[in-house]
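input26.cif, holding mmCIF, C-alpha atoms:
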data_structure
#
loop_
_atom_site.label_atom_id
_atom_site.label_comp_id
_atom_site.auth_asym_id
_atom_site.auth_seq_id
_atom_site.Cartn_x
_atom_site.Cartn_y
_atom_site.Cartn_z
CA MET A 1 42.15 39.25 -23.35
CA ASN A 2 39.40 37.04 -21.86
CA THR A 3 37.31 40.12 -21.13
CA ILE A 4 37.61 41.30 -24.75
CA ILE A 5 36.46 37.86 -26.00
CA GLU A 6 33.54 37.87 -23.56
CA LEU A 7 32.50 41.37 -24.60
CA TRP A 8 32.66 40.42 -28.27
CA SER A 9 30.38 37.39 -27.74
CA LEU A 10 27.86 39.65 -25.99
CA LEU A 11 28.04 42.43 -28.58
CA TYR A 12 27.76 39.98 -31.45
CA TYR A 13 24.44 38.65 -30.20
CA LEU A 14 23.21 42.09 -29.18
CA ILE A 15 23.80 43.36 -32.72
CA VAL A 16 22.50 40.29 -34.55
CA GLN A 17 19.45 39.65 -32.37
CA GLY A 18 18.65 43.15 -31.16
CA PHE A 19 19.29 45.15 -34.30
CA GLY A 20 19.11 42.48 -37.00
CA LEU A 21 15.76 43.69 -38.33
CA VAL A 22 16.92 47.30 -38.39
CA LEU A 23 20.13 46.44 -40.24
CA ALA A 24 18.25 44.24 -42.72
CA ALA A 25 15.74 47.01 -43.35
CA LEU A 26 18.47 49.60 -43.98
CA ALA A 27 20.29 47.22 -46.32
CA ALA A 28 17.07 46.59 -48.26
CA VAL A 29 16.38 50.33 -48.65
CA ILE A 30 19.94 51.04 -49.84
CA PHE A 31 19.81 48.13 -52.29
CA LEU A 32 16.43 49.29 -53.59
CA TYR A 33 17.69 52.83 -54.03
CA VAL A 34 20.76 51.72 -56.02
CA ILE A 35 18.67 49.57 -58.40
CA LEU A 36 15.94 52.15 -58.91
CA ARG A 37 18.45 54.97 -59.41
CA LYS A 38 19.87 53.16 -62.41
CA LEU A 39 16.44 52.67 -63.98
CA HIS A 40 14.46 55.79 -63.10
CA SER A 41 14.77 59.53 -62.58
CA PRO A 42 15.67 60.88 -59.13
CA LEU A 43 12.06 61.94 -58.51
CA THR A 44 10.62 58.52 -59.44
CA THR A 45 13.34 56.79 -57.43
CA GLY A 46 12.61 58.90 -54.36
CA LEU A 47 8.87 58.25 -54.60
CA LEU A 48 9.33 54.49 -55.01
CA VAL A 49 11.82 54.27 -52.12
CA ALA A 50 9.42 56.25 -49.93
CA PHE A 51 6.56 53.95 -50.92
CA PHE A 52 8.43 50.69 -50.30
CA GLY A 53 10.07 52.06 -47.16
CA GLY A 54 6.72 53.20 -45.82
CA ALA A 55 5.11 49.83 -46.58
CA MET A 56 7.95 48.01 -44.81
CA LEU A 57 7.67 50.24 -41.74
CA PHE A 58 3.88 49.81 -41.75
CA PHE A 59 4.26 46.02 -41.42
CA TRP A 60 7.35 46.07 -39.18
CA PHE A 61 6.53 48.72 -36.58
CA PRO A 62 3.60 46.92 -34.92
CA ILE A 63 5.68 43.80 -34.26
CA GLY A 64 9.28 44.97 -34.26
CA VAL A 65 9.52 48.25 -32.36
CA PRO A 66 9.85 47.88 -28.59
CA LYS A 67 7.47 49.75 -26.32
CA ASN A 68 10.44 50.41 -24.07
CA LEU A 69 14.20 50.25 -24.49
CA GLU A 70 14.65 46.55 -23.77
CA TYR A 71 16.68 43.58 -24.95
CA PRO A 72 15.82 41.60 -27.00
CA PHE A 73 13.53 43.89 -28.98
CA GLY A 74 10.12 43.02 -30.35
CA ILE A 75 8.87 40.43 -27.81
CA THR A 76 5.24 40.82 -26.72
CA THR A 77 3.98 38.85 -23.71
CA TYR A 78 0.71 38.76 -21.77
CA GLY A 79 1.65 37.93 -18.18
CA PRO A 80 0.37 40.03 -15.25
CA ALA A 81 3.74 41.76 -14.83
CA GLU A 82 6.86 42.59 -16.83
CA GLY A 83 8.02 40.29 -19.61
CA PRO A 84 11.34 38.42 -19.67
CA THR A 85 13.19 41.13 -21.61
CA LEU A 86 15.93 43.13 -19.87
CA PRO A 87 16.08 46.92 -19.68
CA LEU A 88 18.62 48.11 -22.24
CA LYS A 89 20.26 50.32 -19.62
CA ASN A 90 21.00 47.18 -17.57
CA VAL A 91 22.57 45.52 -20.59
CA PHE A 92 24.93 48.46 -21.11
CA ALA A 93 25.56 48.65 -17.35
CA PHE A 94 26.56 44.98 -17.51
CA PHE A 95 29.12 45.80 -20.22
CA GLY A 96 30.49 48.63 -18.12
CA ASN A 97 30.76 46.57 -14.94
CA LEU A 98 31.92 43.27 -16.39
CA GLU A 99 35.24 43.39 -14.52
CA ARG A 100 33.49 44.09 -11.21
CA PHE A 101 31.27 41.01 -11.15
CA LEU A 102 32.36 38.30 -8.76
CA ARG A 103 33.83 35.34 -10.68
CA ILE A 104 32.87 31.99 -9.14
CA VAL A 105 35.16 29.08 -10.00
CA ASP A 106 32.45 26.47 -9.32
CA ILE A 107 28.82 27.64 -9.17
CA ALA A 108 27.49 24.19 -8.17
CA ARG A 109 26.12 23.77 -4.66
CA ASP A 110 27.81 20.81 -2.94
CA PRO A 111 25.09 18.12 -2.57
CA ASN A 112 26.43 17.38 0.94
CA ASP A 113 25.77 20.97 2.03
CA ILE A 114 22.75 20.16 4.22
CA PRO A 115 22.18 21.17 7.87
CA PRO A 116 21.86 18.17 10.22
CA PRO A 117 18.45 16.83 11.29
CA ILE A 118 16.69 18.89 13.96
CA THR A 119 16.73 17.22 17.37
CA ARG A 120 14.87 19.77 19.49
CA THR A 121 11.32 18.92 20.48
CA GLU A 122 9.84 22.41 20.71
CA PRO A 123 9.31 25.17 18.14
CA ALA A 124 11.87 27.99 18.08
CA THR A 125 12.58 31.30 16.40
CA VAL A 126 15.03 30.71 13.54
CA TYR A 127 17.05 33.53 11.98
CA ILE A 128 18.09 33.16 8.33
CA GLU A 129 20.15 35.58 6.23
CA LEU A 130 20.48 35.31 2.45
CA THR A 131 22.31 37.50 -0.06
CA ALA A 132 21.20 37.92 -3.67
CA ARG A 133 24.21 38.48 -5.91
CA GLU A 134 24.78 38.44 -9.67
CA VAL A 135 28.00 36.61 -10.59
CA ILE A 136 29.76 35.02 -13.54
CA SER A 137 30.62 31.34 -13.74
CA GLU A 138 30.67 28.37 -16.13
CA ILE A 139 27.59 26.41 -17.19
CA ALA A 140 29.92 24.03 -19.04
CA PRO A 141 33.68 24.08 -19.71
CA GLY A 142 34.42 27.34 -21.52
CA VAL A 143 30.76 28.44 -21.50
CA LEU A 144 30.21 31.41 -19.17
CA PHE A 145 26.90 32.79 -17.90
CA ASN A 146 25.74 35.69 -15.75
CA TYR A 147 24.13 33.76 -12.87
CA TRP A 148 21.82 35.42 -10.36
CA THR A 149 22.19 33.61 -7.05
CA PHE A 150 21.25 33.21 -3.43
CA ASP A 151 24.58 33.12 -1.54
CA ASP A 152 26.77 32.72 -4.65
CA ARG A 153 25.78 29.15 -5.55
CA VAL A 154 23.07 27.32 -7.48
CA PRO A 155 20.86 26.20 -5.94
CA GLY A 156 20.69 28.51 -2.93
CA PRO A 157 21.35 27.20 0.60
CA PHE A 158 19.32 24.26 1.88
CA LEU A 159 17.14 25.69 4.65
CA ARG A 160 16.04 23.31 7.43
CA VAL A 161 13.46 24.18 10.09
CA ARG A 162 10.83 22.45 12.19
CA GLU A 163 7.05 22.50 11.96
CA GLY A 164 5.79 25.36 14.16
CA ASP A 165 9.04 27.37 13.99
CA THR A 166 8.91 31.13 13.50
CA LEU A 167 11.35 32.22 10.81
CA VAL A 168 12.92 35.66 10.65
CA LEU A 169 14.39 35.82 7.15
CA THR A 170 16.58 38.72 6.04
CA LEU A 171 17.29 39.18 2.34
CA LYS A 172 20.12 41.46 1.22
CA ASN A 173 20.71 42.46 -2.38
CA ASP A 174 24.43 42.96 -2.97
CA PRO A 175 25.35 46.46 -4.21
CA SER A 176 27.01 44.95 -7.30
CA SER A 177 23.66 43.61 -8.56
CA LEU A 178 21.98 45.32 -11.50
CA HIS A 179 18.45 44.07 -10.77
CA HIS A 180 15.89 44.04 -8.00
CA HIS A 181 15.40 40.66 -6.29
CA SER A 182 13.03 39.08 -3.77
CA ILE A 183 12.20 35.68 -2.29
CA ASP A 184 9.03 33.60 -2.53
CA LEU A 185 9.09 30.55 -0.27
CA HIS A 186 6.45 27.93 -1.04
CA ALA A 187 6.49 27.09 2.68
CA VAL A 188 5.02 30.53 3.49
CA THR A 189 1.33 31.09 4.09
CA GLY A 190 0.81 34.72 3.08
CA PRO A 191 0.77 37.08 0.07
CA GLY A 192 3.37 36.30 -2.57
CA GLY A 193 4.98 33.65 -0.37
CA GLY A 194 6.88 36.56 1.20
CA ALA A 195 7.99 38.14 -2.08
CA VAL A 196 5.80 41.21 -1.61
CA ALA A 197 7.68 42.00 1.63
CA THR A 198 11.21 41.27 0.39
CA MET A 199 11.63 43.20 -2.87
CA VAL A 200 15.13 44.64 -2.48
CA GLU A 201 17.00 47.06 -4.72
CA PRO A 202 20.78 46.70 -5.10
CA GLY A 203 22.35 47.51 -1.72
CA GLU A 204 19.02 47.21 0.13
CA THR A 205 18.01 44.78 2.93
CA LYS A 206 14.55 43.68 4.07
CA THR A 207 13.25 41.23 6.68
CA LEU A 208 10.25 38.89 6.60
CA THR A 209 8.76 36.97 9.55
CA PHE A 210 6.54 33.92 9.03
CA LYS A 211 5.49 30.71 10.75
CA ALA A 212 6.22 27.27 9.24
CA LEU A 213 2.77 25.72 9.48
CA ASN A 214 3.02 22.72 7.18
CA PRO A 215 5.71 20.03 7.13
CA GLY A 216 7.17 19.27 3.70
CA LEU A 217 9.97 20.02 1.27
CA TYR A 218 9.35 23.28 -0.55
CA VAL A 219 10.96 25.29 -3.33
CA TYR A 220 11.94 28.90 -2.78
CA HIS A 221 12.88 31.29 -5.56
CA CYS A 222 13.19 34.90 -6.58
CA ALA A 223 9.78 36.31 -7.48
CA GLU A 224 10.75 39.73 -8.80
CA PRO A 225 9.11 40.20 -12.23
CA ASN A 226 9.85 38.64 -14.58
CA VAL A 227 9.85 35.64 -12.23
CA ALA A 228 10.79 33.05 -14.85
CA ASN A 229 13.72 35.22 -15.99
CA HIS A 230 15.13 35.39 -12.45
CA MET A 231 14.67 31.66 -11.86
CA THR A 232 16.36 30.65 -15.12
CA HIS A 233 19.36 32.70 -14.03
CA GLY A 234 19.68 30.36 -11.01
CA MET A 235 17.63 31.93 -8.21
CA TYR A 236 16.00 28.91 -6.51
CA GLY A 237 16.57 26.50 -3.63
CA LEU A 238 14.83 24.19 -1.14
CA ILE A 239 13.47 24.64 2.37
CA LEU A 240 12.63 21.57 4.48
CA VAL A 241 10.02 21.91 7.21
CA GLU A 242 10.51 18.79 9.31
CA PRO A 243 7.44 17.28 11.00
CA GLU A 244 7.27 17.46 14.77
CA GLY A 245 8.62 13.92 15.13
CA GLY A 246 11.33 14.44 12.50
CA LEU A 247 12.11 12.20 9.53
CA PRO A 248 13.26 8.57 9.88
CA PRO A 249 17.04 8.44 10.37
CA VAL A 250 19.27 7.64 7.38
CA ASP A 251 23.04 7.45 6.93
CA LYS A 252 23.42 9.96 4.08
CA GLU A 253 21.42 12.94 2.85
CA PHE A 254 21.99 14.76 -0.45
CA TYR A 255 20.70 18.05 -1.89
CA VAL A 256 19.85 17.76 -5.60
CA MET A 257 18.10 20.33 -7.80
CA GLN A 258 17.43 20.44 -11.52
CA GLY A 259 17.43 23.69 -13.48
CA GLU A 260 17.21 25.04 -17.02
CA PHE A 261 19.38 27.67 -18.71
CA TYR A 262 18.56 29.52 -21.90
CA THR A 263 21.40 31.05 -23.92
CA THR A 264 21.49 32.75 -27.32
CA GLY A 265 24.55 30.66 -28.17
CA LYS A 266 23.76 27.10 -29.20
CA LEU A 267 24.61 24.16 -26.95
CA GLY A 268 28.36 24.14 -26.32
CA ARG A 269 29.15 27.55 -27.82
CA SER A 270 32.07 28.94 -25.82
CA GLY A 271 32.35 32.43 -24.37
CA LEU A 272 30.07 34.57 -22.23
CA GLN A 273 26.49 33.75 -23.20
CA VAL A 274 23.48 36.05 -23.26
CA PHE A 275 20.13 34.99 -21.81
CA ASP A 276 17.65 34.09 -24.58
CA ALA A 277 14.16 35.23 -23.59
CA MET A 278 12.49 33.75 -26.67
CA SER A 279 13.94 30.27 -26.06
CA MET A 280 12.59 30.46 -22.51
CA LEU A 281 9.13 31.41 -23.75
CA ASP A 282 9.31 28.53 -26.24
CA GLY A 283 10.41 26.11 -23.48
CA LYS A 284 13.58 25.07 -25.31
CA PRO A 285 16.56 25.26 -22.92
CA GLN A 286 20.08 24.87 -24.22
CA TYR A 287 21.23 23.41 -20.88
CA VAL A 288 19.38 21.18 -18.39
CA VAL A 289 21.59 20.53 -15.37
CA TRP A 290 21.78 19.38 -11.79
CA ASN A 291 23.01 21.87 -9.17
CA GLY A 292 23.71 24.75 -11.49
CA ARG A 293 26.05 23.47 -14.17
CA VAL A 294 27.06 20.54 -16.35
CA GLY A 295 28.80 18.05 -14.06
CA GLY A 296 27.46 19.76 -10.93
CA LEU A 297 26.85 16.32 -9.38
CA ALA A 298 29.72 14.46 -11.02
CA GLN A 299 31.69 14.45 -7.76
CA HIS A 300 31.11 14.75 -4.00
CA MET A 301 28.34 12.11 -3.74
CA GLN A 302 29.84 9.12 -1.96
CA ALA A 303 28.29 6.41 0.17
CA ALA A 304 28.96 2.78 1.15
CA THR A 305 27.10 -0.49 0.94
CA GLY A 306 24.90 -1.11 3.94
CA GLN A 307 24.03 2.58 4.21
CA THR A 308 20.67 4.22 3.56
CA VAL A 309 20.45 7.33 1.42
CA ARG A 310 17.90 10.14 1.32
CA MET A 311 17.84 12.61 -1.56
CA PHE A 312 16.01 15.90 -1.35
CA VAL A 313 15.19 16.56 -5.00
CA GLY A 314 13.85 19.85 -6.37
CA ASN A 315 13.09 21.28 -9.78
CA GLY A 316 13.77 24.97 -10.37
CA GLY A 317 12.05 24.75 -13.75
CA VAL A 318 10.73 26.89 -15.31
CA ASN A 319 9.29 24.75 -18.10
CA LEU A 320 10.21 21.08 -17.76
CA VAL A 321 8.87 18.33 -15.52
CA SER A 322 11.69 16.07 -14.30
CA SER A 323 11.43 12.26 -14.36
CA PHE A 324 13.95 11.56 -11.61
CA HIS A 325 15.67 8.17 -11.76
CA VAL A 326 18.84 6.57 -10.36
CA ILE A 327 20.17 3.99 -12.79
CA GLY A 328 20.65 0.66 -11.01
CA GLU A 329 18.58 1.49 -7.93
CA ILE A 330 14.95 1.24 -6.89
CA PHE A 331 13.57 3.83 -4.48
CA ASP A 332 12.48 2.02 -1.34
CA ARG A 333 10.33 5.01 -0.36
CA VAL A 334 9.18 8.08 -2.28
CA TYR A 335 7.30 10.99 -0.78
CA PRO A 336 5.47 12.08 -3.95
CA GLU A 337 5.65 15.85 -4.46
CA ALA A 338 7.39 15.87 -1.04
CA ALA A 339 4.13 15.20 0.80
CA ILE A 340 5.67 14.26 4.16
CA GLY A 341 2.30 13.97 5.87
CA SER A 342 1.16 11.02 3.74
CA GLU A 343 2.39 7.44 3.51
CA PRO A 344 5.33 7.13 1.13
CA HIS A 345 5.13 5.09 -2.04
CA THR A 346 7.36 2.01 -2.09
CA ASN A 347 9.47 0.28 -4.75
CA VAL A 348 9.42 3.14 -7.26
CA GLN A 349 11.62 3.20 -10.38
CA SER A 350 11.20 6.87 -11.41
CA THR A 351 9.27 9.74 -9.89
CA LEU A 352 7.99 13.02 -11.27
CA VAL A 353 9.25 16.34 -9.95
CA PRO A 354 7.12 19.19 -11.27
CA ALA A 355 8.57 22.56 -12.19
CA GLY A 356 8.68 24.50 -8.95
CA GLY A 357 8.15 21.31 -6.95
CA ALA A 358 10.11 18.68 -5.04
CA THR A 359 10.22 15.07 -3.93
CA ILE A 360 12.06 12.98 -1.34
CA VAL A 361 13.46 9.56 -2.20
CA GLU A 362 15.10 7.01 0.11
CA PHE A 363 16.89 3.76 -0.70
CA GLY A 364 19.39 1.30 0.72
CA LEU A 365 22.71 0.43 -0.91
CA GLU A 366 23.48 -3.24 -1.47
CA VAL A 367 25.98 -3.32 -4.34
CA PRO A 368 29.10 -1.15 -4.85
CA GLY A 369 29.58 0.80 -8.07
CA ARG A 370 28.68 3.98 -9.89
CA TYR A 371 25.02 5.00 -9.95
CA VAL A 372 24.00 7.67 -12.45
CA LEU A 373 21.30 10.19 -11.58
CA VAL A 374 19.20 11.23 -14.58
CA ASP A 375 16.07 12.93 -15.73
CA HIS A 376 14.68 9.94 -17.64
CA ALA A 377 13.61 12.21 -20.47
CA LEU A 378 17.00 11.00 -21.61
CA ALA A 379 17.67 13.46 -24.42
CA ARG A 380 18.40 15.85 -21.55
CA LEU A 381 21.49 13.81 -20.68
CA ASP A 382 23.21 15.49 -23.61
CA ARG A 383 22.17 18.90 -22.29
CA GLY A 384 23.84 18.16 -18.94
CA ALA A 385 21.14 16.49 -16.81
CA TRP A 386 23.14 13.77 -15.08
CA GLY A 387 24.93 13.17 -11.80
CA LEU A 388 26.90 10.41 -10.13
CA LEU A 389 26.61 8.56 -6.80
CA THR A 390 29.72 6.47 -6.06
CA VAL A 391 29.15 3.54 -3.69
CA SER A 392 32.09 1.73 -2.11
CA GLY A 393 32.09 -1.70 -0.47
CA GLU A 394 32.59 -5.41 -1.02
CA PRO A 395 30.98 -7.13 -4.00
CA ASN A 396 27.65 -8.81 -3.34
CA PRO A 397 27.30 -11.67 -5.88
CA SER A 398 24.09 -12.89 -4.27
CA ILE A 399 22.40 -9.74 -5.62
CA PHE A 400 24.54 -8.73 -8.62
CA GLU A 401 27.32 -10.58 -10.41
CA GLY A 402 28.90 -9.82 -13.76
CA GLU A 403 31.97 -8.34 -15.39
CA ILE A 404 31.58 -4.56 -15.33
CA GLY A 405 32.70 -2.95 -18.55
CA PRO A 406 32.73 0.65 -19.77
CA GLY A 407 29.40 2.35 -20.43
CA GLY A 408 26.16 0.46 -19.95
CA GLU A 409 24.59 3.17 -17.79
CA HIS A 410 21.95 4.24 -20.35
#

Would you mind writing the file out in structure tokens?
Amino acid sequence: MNTIIELWSLLYYLIVQGFGLVLAALAAVIFLYVILRKLHSPLTTGLLVAFFGGAMLFFWFPIGVPKNLEYPFGITTYGPAEGPTLPLKNVFAFFGNLERFLRIVDIARDPNDIPPPITRTEPATVYIELTAREVISEIAPGVLFNYWTFDDRVPGPFLRVREGDTLVLTLKNDPSSLHHHSIDLHAVTGPGGGAVATMVEPGETKTLTFKALNPGLYVYHCAEPNVANHMTHGMYGLILVEPEGGLPPVDKEFYVMQGEFYTTGKLGRSGLQVFDAMSMLDGKPQYVVWNGRVGGLAQHMQAATGQTVRMFVGNGGVNLVSSFHVIGEIFDRVYPEAAIGSEPHTNVQSTLVPAGGATIVEFGLEVPGRYVLVDHALARLDRGAWGLLTVSGEPNPSIFEGEIGPGGEH
């Protein structure tokens, strides 16, 4: 029954968005014919219908007929590669293979899922394996989406290496995928950030070798055209290249990444949602979330007073700049745009995270309570851009005292 409902939601939008102009045109021609037939002879009616039909096609064909069989129809773009539309054969293949897609109960990457700090003092050869797979999971309760992932979660795994390491990265595209995928790591010095060497068809595997030359926190993402399309399906993550001396020790580290999702169904519409290429081109996401879904950071982030926290914060984009802020805390240190090699900024309230960029924030915990993570473009709260850090410990009235009531967290 669920599959039938999901198929109907897909077909509904395919018909309305993909063939709406065609259906409207046919209805107009039929209506015109019926009216003219009552008022004129068959010959006059036929000539008038041909004239009006020809005029309509003259104006509609240049803007409405696709150059290729793609969904949605009629979108013209001017990028250096393919546009964000999907081949129609892939859309129908998706219908036919709906039952075969892996269903993920929780698409959100656990923010604690971070490898420990690197303690070795010499460079090494590091082997990394990633799998690109297209799956189905919830963006919000009852709202399903066809995610494209690295290792079945959004964001992909947090990769941690050391300055000077040689990385041997193998990318596999699961046979169940319908699209080609690749990986572009912003930590790579070389053509395409590695994407040109890792384009993999479904069932294919390729390996890339590169040297981590520059310390910093970098975004990686799928770079198979259309790049923005692949990223807004969830194909992004972070790679940390630690400096030779490592980062200052902290008690807790968290992995946090903002992303945007574009669906044909309006915000909150239930069922399996179709990707909306036009909304993406317009920069109007229906969902803006942390770690892949609404509530992706609502749990799992716990710490205690007296501890220091470091957050590795990325922005998968593809359109919005994030104004990262933790309500009730001040960042003791911020590495702007994750520039580890420079002196950190101190006592920062909010920091910008560009699309396709990252930052590192550190702060101590003095007062217990709930601390809400937001993009301080606060309308995005209602689209899902919020998280929660829960801090335990004894009250500290010398710093904060007051009766805590409901709400009050912006």

Evaluating the PyMOL selection byres ((chain A and resi 75-91) around 7) on the displayed file yields which residues, as a list in words? Leu69, Glu70, Tyr71, Pro72, Phe73, Gly74, Phe92, Ala93, Phe94, Phe95, Leu178, Pro225, Asn226, Asn229 and Ala277 of chain A

Could you save those same residues with C-alpha atoms as a PDB file, in the frame of the given file?
ATOM      1  CA  LEU A  69      14.200  50.250 -24.490  1.00  0.00           C
ATOM      2  CA  GLU A  70      14.650  46.550 -23.770  1.00  0.00           C
ATOM      3  CA  TYR A  71      16.680  43.580 -24.950  1.00  0.00           C
ATOM      4  CA  PRO A  72      15.820  41.600 -27.000  1.00  0.00           C
ATOM      5  CA  PHE A  73      13.530  43.890 -28.980  1.00  0.00           C
ATOM      6  CA  GLY A  74      10.120  43.020 -30.350  1.00  0.00           C
ATOM      7  CA  PHE A  92      24.930  48.460 -21.110  1.00  0.00           C
ATOM      8  CA  ALA A  93      25.560  48.650 -17.350  1.00  0.00           C
ATOM      9  CA  PHE A  94      26.560  44.980 -17.510  1.00  0.00           C
ATOM     10  CA  PHE A  95      29.120  45.800 -20.220  1.00  0.00           C
ATOM     11  CA  LEU A 178      21.980  45.320 -11.500  1.00  0.00           C
ATOM     12  CA  PRO A 225       9.110  40.200 -12.230  1.00  0.00           C
ATOM     13  CA  ASN A 226       9.850  38.640 -14.580  1.00  0.00           C
ATOM     14  CA  ASN A 229      13.720  35.220 -15.990  1.00  0.00           C
ATOM     15  CA  ALA A 277      14.160  35.230 -23.590  1.00  0.00           C
TER      16      ALA A 277
END

Exercise: Pro248 of chain A partners within 12 Å, only C-alpha atoms, chain neighbours under 5 positions left out, as a PyMOL selection string: chain A and resi 117-119+242-243+253+308-310+333+340+344+362

Kindly indicate which residue among A:Asn214, A:Asn396, A:Thr44, A:Thr264 lies nearest to Leu240 of chain A, using only C-alpha atoms for the distances. A:Asn214

Around (25.8, 35.6, -7.3) in the file's frame, which residues reach within 8 Å when counting all atoms listed in the file? Return as a PyMOL selection string? chain A and resi 102+132-136+147-153

Hey, what comes out of the PyMOL selection byres ((chain A and resi 186) around 9) on this file? Could you write it as a PyMOL selection string? chain A and resi 184-185+187-189+193-194+217-221+239+356

Residue with smallest distance to Ala303 of chain A - pool A:Phe254, A:Tyr335, A:Trp386, A:Tyr127, counting all atoms listed in the file: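 Smallest distance to Ala303 of chain A is found for A:Phe254.
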
Can you list what the PyMOL selection byres ((chain A and resi 141) around 10) grabs from this structure, as a ChimeraX atom specification? /A:137-140,142-144,268-271,293-295

Selected residues, C-alpha atoms, written as a compact mmCIF listing (two decimals), in the coordinates of the input, please.
# COMPACT_ATOMS: atom_id res chain seq x y z
CA SER A 137 30.62 31.34 -13.74
CA GLU A 138 30.67 28.37 -16.13
CA ILE A 139 27.59 26.41 -17.19
CA ALA A 140 29.92 24.03 -19.04
CA GLY A 142 34.42 27.34 -21.52
CA VAL A 143 30.76 28.44 -21.50
CA LEU A 144 30.21 31.41 -19.17
CA GLY A 268 28.36 24.14 -26.32
CA ARG A 269 29.15 27.55 -27.82
CA SER A 270 32.07 28.94 -25.82
CA GLY A 271 32.35 32.43 -24.37
CA ARG A 293 26.05 23.47 -14.17
CA VAL A 294 27.06 20.54 -16.35
CA GLY A 295 28.80 18.05 -14.06

Nearest to Ile330 of chain A by atom-to-atom distance, counting all atoms listed in the file, from A:Val313, A:His345, A:Phe363, A:Leu378: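 Among the listed residues, the smallest separation from Ile330 of chain A belongs to A:Phe363.
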
If you count all atoms listed in the file, the residue of A:Gly317, A:Gly387, A:Gly265, A:Gly405 closest to Leu297 of chain A turns out to be A:Gly387

Residue among A:Tyr371, A:Asn146, A:Ala195, A:Glu366 lying closest to Ser398 of chain A, counting all atoms listed in the file: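 The shortest atom-to-atom distance to Ser398 of chain A comes from A:Glu366.
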
Pick out the closest residue to Ala228 of chain A from this set: A:Val154, A:Val391, A:Met280, A:Val168. Count only C-alpha atoms. A:Met280

Residues near Gln299 of chain A, anyone? I mean within 10 Å using all atoms listed in the file, not counting same-chain ones fewer than 5 positions away, as a ChimeraX atom specification. /A:110-111,387-390

Atomic separation - atom CA of Tyr262 of chain A relative to atom CA of Pro285 of chain A, Å: 4.8 Å

Selection near Thr170 of chain A, 7 Å with all atoms listed in the file, sequence-local residues under 5 positions removed, as a list in words: Ile128, Glu129, Leu130, Thr205, Lys206, Thr207 and Leu208 of chain A

Please indicate the distance in Å from atom CA of Phe261 of chain A to atom CA of Pro175 of chain A, rounded to one decimal place.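 Between atom CA of Phe261 of chain A and atom CA of Pro175 of chain A the gap is 24.5 Å.
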
Kindly give the distance, in Å, that separates atom CA of Ala385 of chain A and atom CA of Val250 of chain A, rounded to a single decimal.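 Pair atom CA of Ala385 of chain A / atom CA of Val250 of chain A returns 25.8 Å.
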
Just need the box for segment 259-278 of chain A, edges along x, y and z, holding every atom the file lists for it with 6 Å tacked onto each side, so centre and edge lengths in Å to one decimal, as JSON.
{"center_x": 22.4, "center_y": 29.9, "center_z": -21.3, "size_x": 31.9, "size_y": 24.4, "size_z": 27.7}

Would you mind writing segment 142-153 of chain A with N, CA and C atoms, as a short mmCIF file (atom, residue, chain, number, x, y, z; two decimals), keeping the file's coordinate frame?
data_model
loop_
_atom_site.label_atom_id
_atom_site.label_comp_id
_atom_site.auth_asym_id
_atom_site.auth_seq_id
_atom_site.Cartn_x
_atom_site.Cartn_y
_atom_site.Cartn_z
N GLY A 142 34.25 26.29 -20.52
CA GLY A 142 34.42 27.34 -21.52
C GLY A 142 33.17 28.13 -21.84
N VAL A 143 32.03 27.76 -21.25
CA VAL A 143 30.76 28.44 -21.50
C VAL A 143 30.38 29.23 -20.24
N LEU A 144 30.44 30.55 -20.33
CA LEU A 144 30.21 31.41 -19.17
C LEU A 144 28.80 31.99 -19.21
N PHE A 145 28.26 32.26 -18.01
CA PHE A 145 26.90 32.79 -17.90
C PHE A 145 26.83 33.74 -16.71
N ASN A 146 25.97 34.74 -16.85
CA ASN A 146 25.74 35.69 -15.75
C ASN A 146 24.65 35.12 -14.84
N TYR A 147 25.07 34.35 -13.83
CA TYR A 147 24.13 33.76 -12.87
C TYR A 147 23.63 34.83 -11.90
N TRP A 148 22.37 34.66 -11.49
CA TRP A 148 21.82 35.42 -10.36
C TRP A 148 21.58 34.41 -9.25
N THR A 149 22.10 34.66 -8.06
CA THR A 149 22.19 33.61 -7.05
C THR A 149 21.66 34.04 -5.69
N PHE A 150 21.37 33.05 -4.87
CA PHE A 150 21.25 33.21 -3.43
C PHE A 150 22.53 32.65 -2.82
N ASP A 151 23.33 33.52 -2.20
CA ASP A 151 24.58 33.12 -1.54
C ASP A 151 25.59 32.48 -2.49
N ASP A 152 25.66 32.99 -3.71
CA ASP A 152 26.77 32.72 -4.65
C ASP A 152 26.84 31.29 -5.17
N ARG A 153 25.79 30.50 -5.00
CA ARG A 153 25.78 29.15 -5.55
C ARG A 153 24.39 28.84 -6.10
#
